[in-house]
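Dumped target-v8.pdb below, it's PDB, C-alpha atoms, pLDDT in the B column:
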ATOM      1  CA  MET A 890      63.855 -15.018  16.923  1.00 45.00           C
ATOM      2  CA  GLU A 891      64.350 -18.610  15.926  1.00 46.00           C
ATOM      3  CA  ALA A 892      60.854 -18.658  14.419  1.00 45.00           C
ATOM      4  CA  MET A 893      61.694 -15.594  12.299  1.00 43.00           C
ATOM      5  CA  LYS A 894      64.897 -17.231  11.054  1.00 44.00           C
ATOM      6  CA  LYS A 895      62.987 -20.401  10.263  1.00 43.00           C
ATOM      7  CA  ARG A 896      60.343 -18.463   8.284  1.00 44.00           C
ATOM      8  CA  LYS A 897      63.132 -16.596   6.527  1.00 41.00           C
ATOM      9  CA  TRP A 898      64.890 -19.777   5.459  1.00 41.00           C
ATOM     10  CA  THR A 899      61.566 -21.332   4.442  1.00 43.00           C
ATOM     11  CA  PHE A 900      60.821 -18.279   2.288  1.00 37.00           C
ATOM     12  CA  LEU A 901      64.269 -18.384   0.673  1.00 38.00           C
ATOM     13  CA  PHE A 902      64.003 -22.122   0.018  1.00 38.00           C
ATOM     14  CA  THR A 903      60.551 -21.698  -1.506  1.00 37.00           C
ATOM     15  CA  LEU A 904      61.772 -18.802  -3.664  1.00 35.00           C
ATOM     16  CA  ILE A 905      64.839 -20.727  -4.883  1.00 34.00           C
ATOM     17  CA  PHE A 906      62.802 -23.877  -5.523  1.00 35.00           C
ATOM     18  CA  SER A 907      60.145 -21.909  -7.414  1.00 36.00           C
ATOM     19  CA  THR A 908      62.821 -20.213  -9.524  1.00 35.00           C
ATOM     20  CA  ILE A 909      64.451 -23.557 -10.383  1.00 33.00           C
ATOM     21  CA  VAL A 910      61.128 -25.187 -11.252  1.00 34.00           C
ATOM     22  CA  ASN A 911      60.029 -22.260 -13.398  1.00 36.00           C
ATOM     23  CA  ALA A 912      63.438 -22.145 -15.075  1.00 36.00           C
ATOM     24  CA  GLN A 913      63.024 -25.824 -15.971  1.00 36.00           C
ATOM     25  CA  ASP A 914      59.534 -25.114 -17.288  1.00 37.00           C
ATOM     26  CA  TYR A 915      60.822 -22.356 -19.520  1.00 36.00           C
ATOM     27  CA  SER A 916      63.718 -24.474 -20.766  1.00 36.00           C
ATOM     28  CA  LEU A 917      61.210 -27.035 -21.936  1.00 35.00           C
ATOM     29  CA  ALA A 918      58.825 -24.467 -23.479  1.00 46.00           C
ATOM     30  CA  ASP A 919      58.554 -23.844 -27.167  1.00 59.00           C
ATOM     31  CA  ASP A 920      61.391 -21.441 -27.910  1.00 70.00           C
ATOM     32  CA  THR A 921      59.392 -19.810 -30.688  1.00 73.00           C
ATOM     33  CA  ARG A 922      56.612 -18.722 -28.309  1.00 84.00           C
ATOM     34  CA  ILE A 923      58.707 -16.916 -25.701  1.00 90.00           C
ATOM     35  CA  PHE A 924      60.870 -13.959 -26.629  1.00 91.00           C
ATOM     36  CA  SER A 925      62.897 -11.425 -24.730  1.00 91.00           C
ATOM     37  CA  GLY A 926      63.938  -7.809 -24.825  1.00 92.00           C
ATOM     38  CA  ARG A 927      65.509  -5.024 -22.846  1.00 93.00           C
ATOM     39  CA  ILE A 928      63.731  -1.780 -21.930  1.00 93.00           C
ATOM     40  CA  SER A 929      65.468   1.124 -23.656  1.00 92.00           C
ATOM     41  CA  LYS A 930      63.072   3.963 -22.803  1.00 92.00           C
ATOM     42  CA  ILE A 931      60.109   4.678 -20.519  1.00 92.00           C
ATOM     43  CA  ASN A 932      57.514   7.427 -20.900  1.00 91.00           C
ATOM     44  CA  ARG A 933      55.614   7.396 -17.612  1.00 88.00           C
ATOM     45  CA  ASP A 934      53.142  10.138 -18.619  1.00 87.00           C
ATOM     46  CA  ALA A 935      52.149   8.447 -21.898  1.00 90.00           C
ATOM     47  CA  LYS A 936      52.332   4.996 -20.259  1.00 89.00           C
ATOM     48  CA  LEU A 937      54.657   3.821 -23.025  1.00 92.00           C
ATOM     49  CA  ILE A 938      57.756   1.672 -22.923  1.00 93.00           C
ATOM     50  CA  ARG A 939      60.220   0.998 -25.724  1.00 95.00           C
ATOM     51  CA  ILE A 940      61.824  -2.440 -25.755  1.00 94.00           C
ATOM     52  CA  LYS A 941      64.980  -3.382 -27.667  1.00 94.00           C
ATOM     53  CA  ILE A 942      64.574  -6.779 -29.345  1.00 92.00           C
ATOM     54  CA  GLU A 943      66.809  -9.077 -31.344  1.00 90.00           C
ATOM     55  CA  PHE A 944      64.779 -11.916 -32.851  1.00 87.00           C
ATOM     56  CA  GLU A 945      63.640 -12.453 -36.415  1.00 88.00           C
ATOM     57  CA  ASN A 946      60.170 -13.733 -35.522  1.00 89.00           C
ATOM     58  CA  ALA A 947      59.249 -10.240 -34.324  1.00 90.00           C
ATOM     59  CA  LYS A 948      57.654  -9.750 -37.738  1.00 90.00           C
ATOM     60  CA  TYR A 949      54.747 -11.844 -36.424  1.00 91.00           C
ATOM     61  CA  LEU A 950      53.978  -9.202 -33.788  1.00 92.00           C
ATOM     62  CA  THR A 951      51.305  -6.916 -35.195  1.00 91.00           C
ATOM     63  CA  LYS A 952      49.845  -3.654 -33.989  1.00 91.00           C
ATOM     64  CA  ASN A 953      47.551  -3.949 -30.941  1.00 92.00           C
ATOM     65  CA  SER A 954      48.893  -7.424 -30.158  1.00 92.00           C
ATOM     66  CA  ARG A 955      48.605  -8.318 -26.507  1.00 92.00           C
ATOM     67  CA  ILE A 956      51.975  -8.947 -24.839  1.00 93.00           C
ATOM     68  CA  ASP A 957      52.557 -10.355 -21.352  1.00 92.00           C
ATOM     69  CA  PHE A 958      55.978  -9.667 -19.875  1.00 92.00           C
ATOM     70  CA  TRP A 959      57.699 -10.683 -16.656  1.00 92.00           C
ATOM     71  CA  ASN A 960      60.971 -10.548 -14.852  1.00 88.00           C
ATOM     72  CA  GLU A 961      62.965 -13.740 -15.306  1.00 84.00           C
ATOM     73  CA  SER A 962      63.374 -13.999 -11.514  1.00 84.00           C
ATOM     74  CA  TYR A 963      59.598 -13.856 -10.921  1.00 84.00           C
ATOM     75  CA  PRO A 964      57.926 -15.700 -13.835  1.00 85.00           C
ATOM     76  CA  ASP A 965      54.569 -15.943 -12.063  1.00 87.00           C
ATOM     77  CA  ARG A 966      54.193 -12.147 -11.796  1.00 89.00           C
ATOM     78  CA  LYS A 967      53.249 -10.797 -15.217  1.00 90.00           C
ATOM     79  CA  CYS A 968      52.146  -7.514 -16.689  1.00 91.00           C
ATOM     80  CA  ARG A 969      50.052  -6.936 -19.802  1.00 92.00           C
ATOM     81  CA  VAL A 970      50.748  -4.353 -22.507  1.00 92.00           C
ATOM     82  CA  TYR A 971      49.516  -3.748 -26.030  1.00 94.00           C
ATOM     83  CA  LEU A 972      51.794  -3.195 -28.991  1.00 94.00           C
ATOM     84  CA  LYS A 973      51.470   0.235 -30.604  1.00 93.00           C
ATOM     85  CA  GLY A 974      54.348   0.103 -33.043  1.00 93.00           C
ATOM     86  CA  ARG A 975      57.236  -2.060 -34.141  1.00 91.00           C
ATOM     87  CA  THR A 976      60.481  -1.812 -36.074  1.00 90.00           C
ATOM     88  CA  SER A 977      63.069  -4.480 -36.762  1.00 87.00           C
ATOM     89  CA  GLU A 978      64.827  -3.565 -33.484  1.00 92.00           C
ATOM     90  CA  TYR A 979      62.235  -2.008 -31.166  1.00 93.00           C
ATOM     91  CA  LEU A 980      58.752  -2.583 -29.763  1.00 94.00           C
ATOM     92  CA  LEU A 981      56.630   0.337 -28.556  1.00 94.00           C
ATOM     93  CA  ALA A 982      54.051  -0.888 -26.044  1.00 93.00           C
ATOM     94  CA  ARG A 983      51.384   0.845 -23.970  1.00 92.00           C
ATOM     95  CA  LEU A 984      50.504  -0.131 -20.411  1.00 90.00           C
ATOM     96  CA  SER A 985      46.849   0.191 -19.497  1.00 82.00           C
ATOM     97  CA  ASP A 986      47.711   0.607 -15.769  1.00 84.00           C
ATOM     98  CA  TYR A 987      51.270   1.781 -15.360  1.00 85.00           C
ATOM     99  CA  GLU A 988      51.382   2.007 -11.537  1.00 86.00           C
ATOM    100  CA  SER A 989      49.833  -1.403 -10.981  1.00 88.00           C
ATOM    101  CA  CYS A 990      52.102  -2.957 -13.623  1.00 87.00           C
ATOM    102  CA  ILE A 991      55.333  -1.534 -12.194  1.00 86.00           C
ATOM    103  CA  ARG A 992      54.389  -2.747  -8.716  1.00 86.00           C
ATOM    104  CA  ARG A 993      53.700  -6.250 -10.005  1.00 88.00           C
ATOM    105  CA  VAL A 994      56.772  -6.420 -12.296  1.00 89.00           C
ATOM    106  CA  PRO A 995      59.429  -3.924 -11.188  1.00 87.00           C
ATOM    107  CA  PHE A 996      61.257  -2.605 -14.261  1.00 88.00           C
ATOM    108  CA  ALA A 997      63.422   0.307 -15.297  1.00 90.00           C
ATOM    109  CA  VAL A 998      65.496   1.371 -18.302  1.00 92.00           C
ATOM    110  CA  GLY A 999      67.870  -1.507 -18.999  1.00 90.00           C
ATOM    111  CA  SER A1000      65.646  -4.174 -17.414  1.00 90.00           C
ATOM    112  CA  TYR A1001      65.708  -7.538 -19.179  1.00 93.00           C
ATOM    113  CA  LEU A1002      62.209  -8.987 -19.715  1.00 92.00           C
ATOM    114  CA  LYS A1003      60.757 -12.246 -20.937  1.00 92.00           C
ATOM    115  CA  MET A1004      57.597 -11.946 -23.042  1.00 92.00           C
ATOM    116  CA  SER A1005      54.827 -13.966 -24.636  1.00 91.00           C
ATOM    117  CA  SER A1006      51.763 -13.109 -26.676  1.00 92.00           C
ATOM    118  CA  PRO A1007      48.675 -15.145 -27.631  1.00 93.00           C
ATOM    119  CA  ASP A1008      48.307 -13.002 -30.754  1.00 92.00           C
ATOM    120  CA  PHE A1009      51.952 -13.723 -31.569  1.00 92.00           C
ATOM    121  CA  ASP A1010      51.282 -17.457 -31.073  1.00 92.00           C
ATOM    122  CA  ARG A1011      48.292 -17.373 -33.417  1.00 92.00           C
ATOM    123  CA  ASN A1012      50.290 -15.483 -36.032  1.00 92.00           C
ATOM    124  CA  LEU A1013      53.099 -18.023 -35.648  1.00 90.00           C
ATOM    125  CA  GLU A1014      50.660 -20.895 -36.230  1.00 92.00           C
ATOM    126  CA  VAL A1015      49.367 -19.172 -39.351  1.00 92.00           C
ATOM    127  CA  GLY A1016      52.955 -18.570 -40.421  1.00 91.00           C
ATOM    128  CA  LYS A1017      53.853 -22.228 -39.835  1.00 91.00           C
ATOM    129  CA  GLU A1018      50.907 -23.381 -41.939  1.00 94.00           C
ATOM    130  CA  LEU A1019      51.892 -20.916 -44.626  1.00 93.00           C
ATOM    131  CA  VAL A1020      55.485 -22.174 -44.510  1.00 92.00           C
ATOM    132  CA  LYS A1021      54.225 -25.763 -44.885  1.00 94.00           C
ATOM    133  CA  ILE A1022      52.152 -24.745 -47.903  1.00 96.00           C
ATOM    134  CA  LEU A1023      55.111 -22.869 -49.371  1.00 95.00           C
ATOM    135  CA  HIS A1024      57.392 -25.888 -48.808  1.00 95.00           C
ATOM    136  CA  LYS A1025      54.871 -28.111 -50.603  1.00 94.00           C
ATOM    137  CA  LYS A1026      54.658 -25.617 -53.456  1.00 95.00           C
ATOM    138  CA  ARG A1027      58.444 -25.366 -53.522  1.00 95.00           C
ATOM    139  CA  THR A1028      58.743 -29.159 -53.708  1.00 94.00           C
ATOM    140  CA  ALA A1029      56.203 -29.281 -56.533  1.00 95.00           C
ATOM    141  CA  LEU A1030      57.942 -26.444 -58.375  1.00 95.00           C
ATOM    142  CA  ASN A1031      61.347 -28.111 -57.903  1.00 95.00           C
ATOM    143  CA  ALA A1032      59.926 -31.318 -59.383  1.00 94.00           C
ATOM    144  CA  ARG A1033      58.484 -29.325 -62.280  1.00 93.00           C
ATOM    145  CA  LYS A1034      61.783 -27.496 -62.719  1.00 93.00           C
ATOM    146  CA  SER A1035      63.668 -30.815 -62.802  1.00 92.00           C
ATOM    147  CA  ARG A1036      61.231 -32.128 -65.399  1.00 91.00           C
ATOM    148  CA  TYR A1037      61.663 -29.036 -67.556  1.00 90.00           C
ATOM    149  CA  GLU A1038      65.451 -29.211 -67.169  1.00 88.00           C
ATOM    150  CA  LYS A1039      65.315 -32.841 -68.254  1.00 88.00           C
ATOM    151  CA  ASP A1040      63.068 -31.911 -71.182  1.00 86.00           C
ATOM    152  CA  ILE A1041      65.528 -29.194 -72.210  1.00 85.00           C
ATOM    153  CA  SER A1042      68.453 -31.602 -71.863  1.00 84.00           C
ATOM    154  CA  VAL A1043      66.606 -34.216 -73.941  1.00 86.00           C
ATOM    155  CA  TYR A1044      65.608 -31.480 -76.396  1.00 83.00           C
ATOM    156  CA  ILE A1045      69.246 -30.541 -76.898  1.00 82.00           C
ATOM    157  CA  GLU A1046      70.125 -34.212 -77.365  1.00 85.00           C
ATOM    158  CA  LYS A1047      67.295 -34.557 -79.878  1.00 85.00           C
ATOM    159  CA  ILE A1048      68.572 -31.503 -81.760  1.00 86.00           C
ATOM    160  CA  ASP A1049      72.065 -33.005 -81.856  1.00 87.00           C
ATOM    161  CA  ALA A1050      70.679 -36.354 -83.059  1.00 88.00           C
ATOM    162  CA  THR A1051      68.526 -34.604 -85.688  1.00 89.00           C
ATOM    163  CA  ASN A1052      71.469 -32.504 -86.852  1.00 91.00           C
ATOM    164  CA  LYS A1053      73.644 -35.616 -87.159  1.00 91.00           C
ATOM    165  CA  ARG A1054      70.916 -37.527 -88.999  1.00 90.00           C
ATOM    166  CA  TYR A1055      70.313 -34.700 -91.447  1.00 91.00           C
ATOM    167  CA  GLU A1056      74.049 -34.184 -91.826  1.00 91.00           C
ATOM    168  CA  VAL A1057      74.322 -37.816 -92.912  1.00 90.00           C
ATOM    169  CA  LEU A1058      71.350 -37.355 -95.217  1.00 90.00           C
ATOM    170  CA  ARG A1059      72.893 -34.152 -96.568  1.00 90.00           C
ATOM    171  CA  GLN A1060      76.175 -35.929 -97.261  1.00 92.00           C
ATOM    172  CA  LYS A1061      74.288 -38.775 -98.904  1.00 91.00           C
ATOM    173  CA  LEU A1062      72.274 -36.287-100.948  1.00 90.00           C
ATOM    174  CA  ASP A1063      75.482 -34.490-101.957  1.00 91.00           C
ATOM    175  CA  LEU A1064      76.963 -37.792-103.110  1.00 91.00           C
ATOM    176  CA  GLU A1065      73.819 -38.616-105.071  1.00 92.00           C
ATOM    177  CA  TRP A1066      73.837 -35.074-106.486  1.00 91.00           C
ATOM    178  CA  GLN A1067      77.433 -35.362-107.568  1.00 92.00           C
ATOM    179  CA  LYS A1068      76.709 -38.805-108.962  1.00 91.00           C
ATOM    180  CA  GLU A1069      73.773 -37.461-110.978  1.00 92.00           C
ATOM    181  CA  LEU A1070      75.877 -34.548-112.234  1.00 91.00           C
ATOM    182  CA  SER A1071      78.651 -36.979-113.229  1.00 92.00           C
ATOM    183  CA  ALA A1072      76.123 -39.153-115.062  1.00 91.00           C
ATOM    184  CA  LEU A1073      74.742 -36.098-116.852  1.00 91.00           C
ATOM    185  CA  GLU A1074      78.265 -35.034-117.749  1.00 91.00           C
ATOM    186  CA  GLU A1075      78.953 -38.503-119.149  1.00 91.00           C
ATOM    187  CA  ASP A1076      75.679 -38.355-121.091  1.00 90.00           C
ATOM    188  CA  LYS A1077      76.709 -34.942-122.417  1.00 90.00           C
ATOM    189  CA  LEU A1078      80.137 -36.225-123.519  1.00 91.00           C
ATOM    190  CA  GLN A1079      78.548 -39.289-125.044  1.00 91.00           C
ATOM    191  CA  SER A1080      75.984 -37.151-126.891  1.00 91.00           C
ATOM    192  CA  PHE A1081      78.773 -34.833-128.053  1.00 89.00           C
ATOM    193  CA  GLN A1082      80.749 -37.804-129.341  1.00 92.00           C
ATOM    194  CA  ASN A1083      77.657 -39.225-131.031  1.00 92.00           C
ATOM    195  CA  LEU A1084      76.994 -35.823-132.614  1.00 92.00           C
ATOM    196  CA  LYS A1085      80.569 -35.679-133.845  1.00 91.00           C
ATOM    197  CA  ASP A1086      80.421 -39.192-135.253  1.00 90.00           C
ATOM    198  CA  THR A1087      77.031 -38.568-136.864  1.00 92.00           C
ATOM    199  CA  THR A1088      78.218 -35.273-138.381  1.00 92.00           C
ATOM    200  CA  SER A1089      81.287 -37.024-139.778  1.00 91.00           C
ATOM    201  CA  SER A1090      79.107 -39.764-141.275  1.00 91.00           C
ATOM    202  CA  LEU A1091      76.801 -37.154-142.819  1.00 90.00           C
ATOM    203  CA  ASN A1092      79.745 -35.304-144.316  1.00 90.00           C
ATOM    204  CA  ASP A1093      81.045 -38.575-145.734  1.00 87.00           C
ATOM    205  CA  ILE A1094      77.663 -39.362-147.246  1.00 90.00           C
ATOM    206  CA  ASP A1095      77.358 -35.855-148.668  1.00 86.00           C
ATOM    207  CA  TYR A1096      80.791 -36.234-150.211  1.00 86.00           C
ATOM    208  CA  LYS A1097      79.837 -39.559-151.778  1.00 84.00           C
ATOM    209  CA  LEU A1098      76.515 -38.171-152.962  1.00 83.00           C
ATOM    210  CA  GLN A1099      78.388 -35.328-154.561  1.00 82.00           C
ATOM    211  CA  GLN A1100      80.814 -37.759-156.014  1.00 82.00           C
ATOM    212  CA  TYR A1101      78.217 -40.157-157.407  1.00 81.00           C
ATOM    213  CA  ARG A1102      75.590 -37.593-158.326  1.00 76.00           C
ATOM    214  CA  ILE A1103      73.727 -38.225-161.643  1.00 75.00           C
ATOM    215  CA  ARG A1104      72.514 -35.261-163.691  1.00 69.00           C
ATOM    216  CA  ASP A1105      69.086 -35.183-165.367  1.00 69.00           C
ATOM    217  CA  GLN A1106      70.701 -34.427-168.717  1.00 67.00           C
ATOM    218  CA  ASN A1107      74.108 -34.539-170.199  1.00 62.00           C
ATOM    219  CA  LEU A1108      73.854 -31.384-172.324  1.00 59.00           C
ATOM    220  CA  VAL A1109      74.761 -28.094-170.778  1.00 63.00           C
ATOM    221  CA  GLU A1110      73.117 -24.923-171.737  1.00 64.00           C
ATOM    222  CA  ASP A1111      75.582 -22.558-173.346  1.00 65.00           C
ATOM    223  CA  ARG A1112      74.927 -18.886-172.554  1.00 65.00           C
ATOM    224  CA  TRP A1113      77.338 -17.112-174.774  1.00 64.00           C
ATOM    225  CA  SER A1114      74.897 -14.349-175.694  1.00 62.00           C
ATOM    226  CA  LEU A1115      72.963 -11.801-173.693  1.00 66.00           C
ATOM    227  CA  ASP A1116      69.854 -12.741-175.536  1.00 65.00           C
ATOM    228  CA  PRO A1117      68.259 -15.888-174.055  1.00 69.00           C
ATOM    229  CA  LYS A1118      66.873 -16.754-177.447  1.00 66.00           C
ATOM    230  CA  LEU A1119      70.344 -17.449-178.602  1.00 63.00           C
ATOM    231  CA  TYR A1120      71.079 -19.898-175.724  1.00 60.00           C
ATOM    232  CA  TYR A1121      71.545 -23.522-176.763  1.00 61.00           C
ATOM    233  CA  LYS A1122      72.630 -26.787-175.323  1.00 63.00           C
ATOM    234  CA  LYS A1123      75.767 -28.429-176.392  1.00 61.00           C
TER
END
Just dump the structure as C-alpha cells.
Amino acid sequence: MEAMKKRKWTFLFTLIFSTIVNAQDYSLADDTRIFSGRISKINRDAKLIRIKIEFENAKYLTKNSRIDFWNESYPDRKCRVYLKGRTSEYLLARLSDYESCIRRVPFAVGSYLKMSSPDFDRNLEVGKELVKILHKKRTALNARKSRYEKDISVYIEKIDATNKRYEVLRQKLDLEWQKELSALEEDKLQSFQNLKDTTSSLNDIDYKLQQYRIRDQNLVEDRWSLDPKLYYKK
C-alpha cells in the first residue's frame, strides 16, 4: 500500500514538474510560431475538425499545410492534421487517423488546443523576408517622396522669386515705357511749336514778299473791248 502511494506521488510530482518545465519552454518560444484555437465542430465520419481561431497570422496557413496540435496539459503528446480550408475565423483540418489521434490527444467540441506547423513557419520566414524588403522599399520611397516634396517646395519658392523679379522688371519696363511716351509727347509738342513758329515766319515772309514785290512792267494792259486787238497798255 505504501509502495502504491509512493508511486502515485512520484507520478504526480513528475507530471507537475513536466508541466512546469514545458510551460516555461513555451513561454520562451517564439510567439509567432505557436498559435491556439478552440474546436467548434467535429465530423467523426469525415475525420474533419473545425477550429475557431483568433490570430492575424493565420493568413500564412495555406491549404494542405501540416499542423501539429496538442493539449496544453500534455505538450509532449501531439497529433498531426492537414489543413483543408481556412477563413479569417476558422480552420478546417483533416485527421489521417482519427481514432489514434483522439487517444493520443483527447479532444472534444470546446477543447482548447495549442498548434504549430512547419509549413506555417516557412511561410512566416518568407513573409518576414518580404516585410524586410517592403520596409526597405518603403524607406527608399519615403526618401524619394521627401526629395520630391522638397523639390516642389523649392519650385514654389522659385516661382515666387521669379514672379517678384519679373514684377520688378515689369514695373521698371512700365516706368521706361511711360518715360518714352512722355519724351515722345514732349517731342510732339516741340515739333508742333516749331511748326507753328515756322508757319508764322513763312506767313510773315509771304506778307513781306507781297509787300515788296516788283512787277516786270509798269504798264497794265487795258481790256476795255471784247476784241483783243483793241487791248492796249496804259
Quick one: apply the PyMOL selection byres ((chain A and resi 952) around 7) to the file and drop the selected residues here as a CSV table (one decimal) with C-alpha atoms, in the frame of the given file.
chain,number,residue,atom,x,y,z
A,950,LEU,CA,54.0,-9.2,-33.8
A,951,THR,CA,51.3,-6.9,-35.2
A,953,ASN,CA,47.6,-3.9,-30.9
A,954,SER,CA,48.9,-7.4,-30.2
A,972,LEU,CA,51.8,-3.2,-29.0
A,973,LYS,CA,51.5,0.2,-30.6
A,974,GLY,CA,54.3,0.1,-33.0
Taking the file as I've supplied it (selection: the PyMOL selection byres ((chain A and resi 940-949) around 6)), which residues are included? Please answer as a PyMOL selection string.
chain A and resi 926-929+939+950+978-980+1009+1012
If the PyMOL selection byres ((chain A and resi 1003) around 7) is run on the structure shown, which residues does it catch, given as a list in words?
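On this input, the PyMOL selection byres ((chain A and resi 1003) around 7) captures Ile923, Phe924, Ser925, Gly926, Phe958, Trp959, Asn960, Glu961, Leu1002 and Met1004 of chain A.
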Hey, can you check how far CA of Lys936 in chain A sits from CA of Glu988 in chain A?
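Distance between the two atoms: 9.3 Å.
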Which of A:Asp1076, A:Asp957, A:Asp934, A:Asp1093 sits closest to Asp1008 in chain A [using all atoms listed in the file]:
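Between A:Asp1076, A:Asp957, A:Asp934, A:Asp1093, the residue approaching Asp1008 in chain A most closely is A:Asp957.
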Interatomic distance, CA of Arg1011 in chain A to CA of Lys1025 in chain A (Å, one decimal)
21.3 Å
How far is it from CA of Ile931 in chain A to CA of Tyr1001 in chain A, in Å with one decimal?
13.5 Å
Let me have the centre and edge lengths in Å, one decimal, of the box along x, y and z around every listed atom of range 1031-1048 of chain A with 3 Å of margin on each side, as AutoDock Vina command-line options.
--center_x 64.3 --center_y -31.0 --center_z -69.8 --size_x 17.6 --size_y 13.1 --size_z 29.9
Please rebuild range 1084-1091 of chain A with all heavy atoms and return the result as a JSON list (two decimals), in the frame of the given file.
[["chain", "number", "residue", "atom", "x", "y", "z"],
["A", 1084, "LEU", "N", 77.22, -36.90, -131.64],
["A", 1084, "LEU", "CA", 76.99, -35.82, -132.61],
["A", 1084, "LEU", "C", 78.17, -35.70, -133.58],
["A", 1084, "LEU", "O", 77.99, -35.52, -134.80],
["A", 1084, "LEU", "CB", 76.77, -34.51, -131.86],
["A", 1084, "LEU", "CG", 76.63, -33.25, -132.71],
["A", 1084, "LEU", "CD1", 75.42, -33.35, -133.65],
["A", 1084, "LEU", "CD2", 76.56, -32.02, -131.84],
["A", 1085, "LYS", "N", 79.36, -35.78, -133.01],
["A", 1085, "LYS", "CA", 80.57, -35.68, -133.84],
["A", 1085, "LYS", "C", 80.64, -36.82, -134.86],
["A", 1085, "LYS", "O", 80.92, -36.60, -136.06],
["A", 1085, "LYS", "CB", 81.79, -35.69, -132.94],
["A", 1085, "LYS", "CG", 83.10, -35.48, -133.67],
["A", 1085, "LYS", "CD", 84.25, -35.45, -132.67],
["A", 1085, "LYS", "CE", 85.58, -35.29, -133.41],
["A", 1085, "LYS", "NZ", 86.73, -35.26, -132.46],
["A", 1086, "ASP", "N", 80.37, -38.02, -134.34],
["A", 1086, "ASP", "CA", 80.42, -39.19, -135.25],
["A", 1086, "ASP", "C", 79.34, -39.09, -136.32],
["A", 1086, "ASP", "O", 79.58, -39.39, -137.51],
["A", 1086, "ASP", "CB", 80.24, -40.48, -134.44],
["A", 1086, "ASP", "CG", 81.41, -40.74, -133.51],
["A", 1086, "ASP", "OD1", 82.49, -40.13, -133.72],
["A", 1086, "ASP", "OD2", 81.25, -41.53, -132.55],
["A", 1087, "THR", "N", 78.13, -38.67, -135.90],
["A", 1087, "THR", "CA", 77.03, -38.57, -136.86],
["A", 1087, "THR", "C", 77.31, -37.49, -137.92],
["A", 1087, "THR", "O", 77.04, -37.67, -139.12],
["A", 1087, "THR", "CB", 75.73, -38.25, -136.13],
["A", 1087, "THR", "OG1", 75.48, -39.27, -135.16],
["A", 1087, "THR", "CG2", 74.56, -38.18, -137.10],
["A", 1088, "THR", "N", 77.87, -36.35, -137.45],
["A", 1088, "THR", "CA", 78.22, -35.27, -138.38],
["A", 1088, "THR", "C", 79.27, -35.74, -139.39],
["A", 1088, "THR", "O", 79.20, -35.43, -140.60],
["A", 1088, "THR", "CB", 78.75, -34.06, -137.59],
["A", 1088, "THR", "OG1", 77.76, -33.64, -136.66],
["A", 1088, "THR", "CG2", 79.09, -32.92, -138.54],
["A", 1089, "SER", "N", 80.24, -36.49, -138.89],
["A", 1089, "SER", "CA", 81.29, -37.02, -139.78],
["A", 1089, "SER", "C", 80.69, -37.97, -140.82],
["A", 1089, "SER", "O", 81.05, -37.93, -142.01],
["A", 1089, "SER", "CB", 82.35, -37.74, -138.93],
["A", 1089, "SER", "OG", 83.33, -38.31, -139.76],
["A", 1090, "SER", "N", 79.75, -38.82, -140.34],
["A", 1090, "SER", "CA", 79.11, -39.76, -141.28],
["A", 1090, "SER", "C", 78.28, -39.01, -142.32],
["A", 1090, "SER", "O", 78.27, -39.37, -143.51],
["A", 1090, "SER", "CB", 78.21, -40.73, -140.49],
["A", 1090, "SER", "OG", 78.99, -41.51, -139.61],
["A", 1091, "LEU", "N", 77.59, -37.96, -141.87],
["A", 1091, "LEU", "CA", 76.80, -37.15, -142.82],
["A", 1091, "LEU", "C", 77.69, -36.48, -143.86],
["A", 1091, "LEU", "O", 77.37, -36.45, -145.06],
["A", 1091, "LEU", "CB", 76.00, -36.09, -142.05],
["A", 1091, "LEU", "CG", 74.72, -36.58, -141.35],
["A", 1091, "LEU", "CD1", 74.15, -35.46, -140.49],
["A", 1091, "LEU", "CD2", 73.70, -37.05, -142.37]]
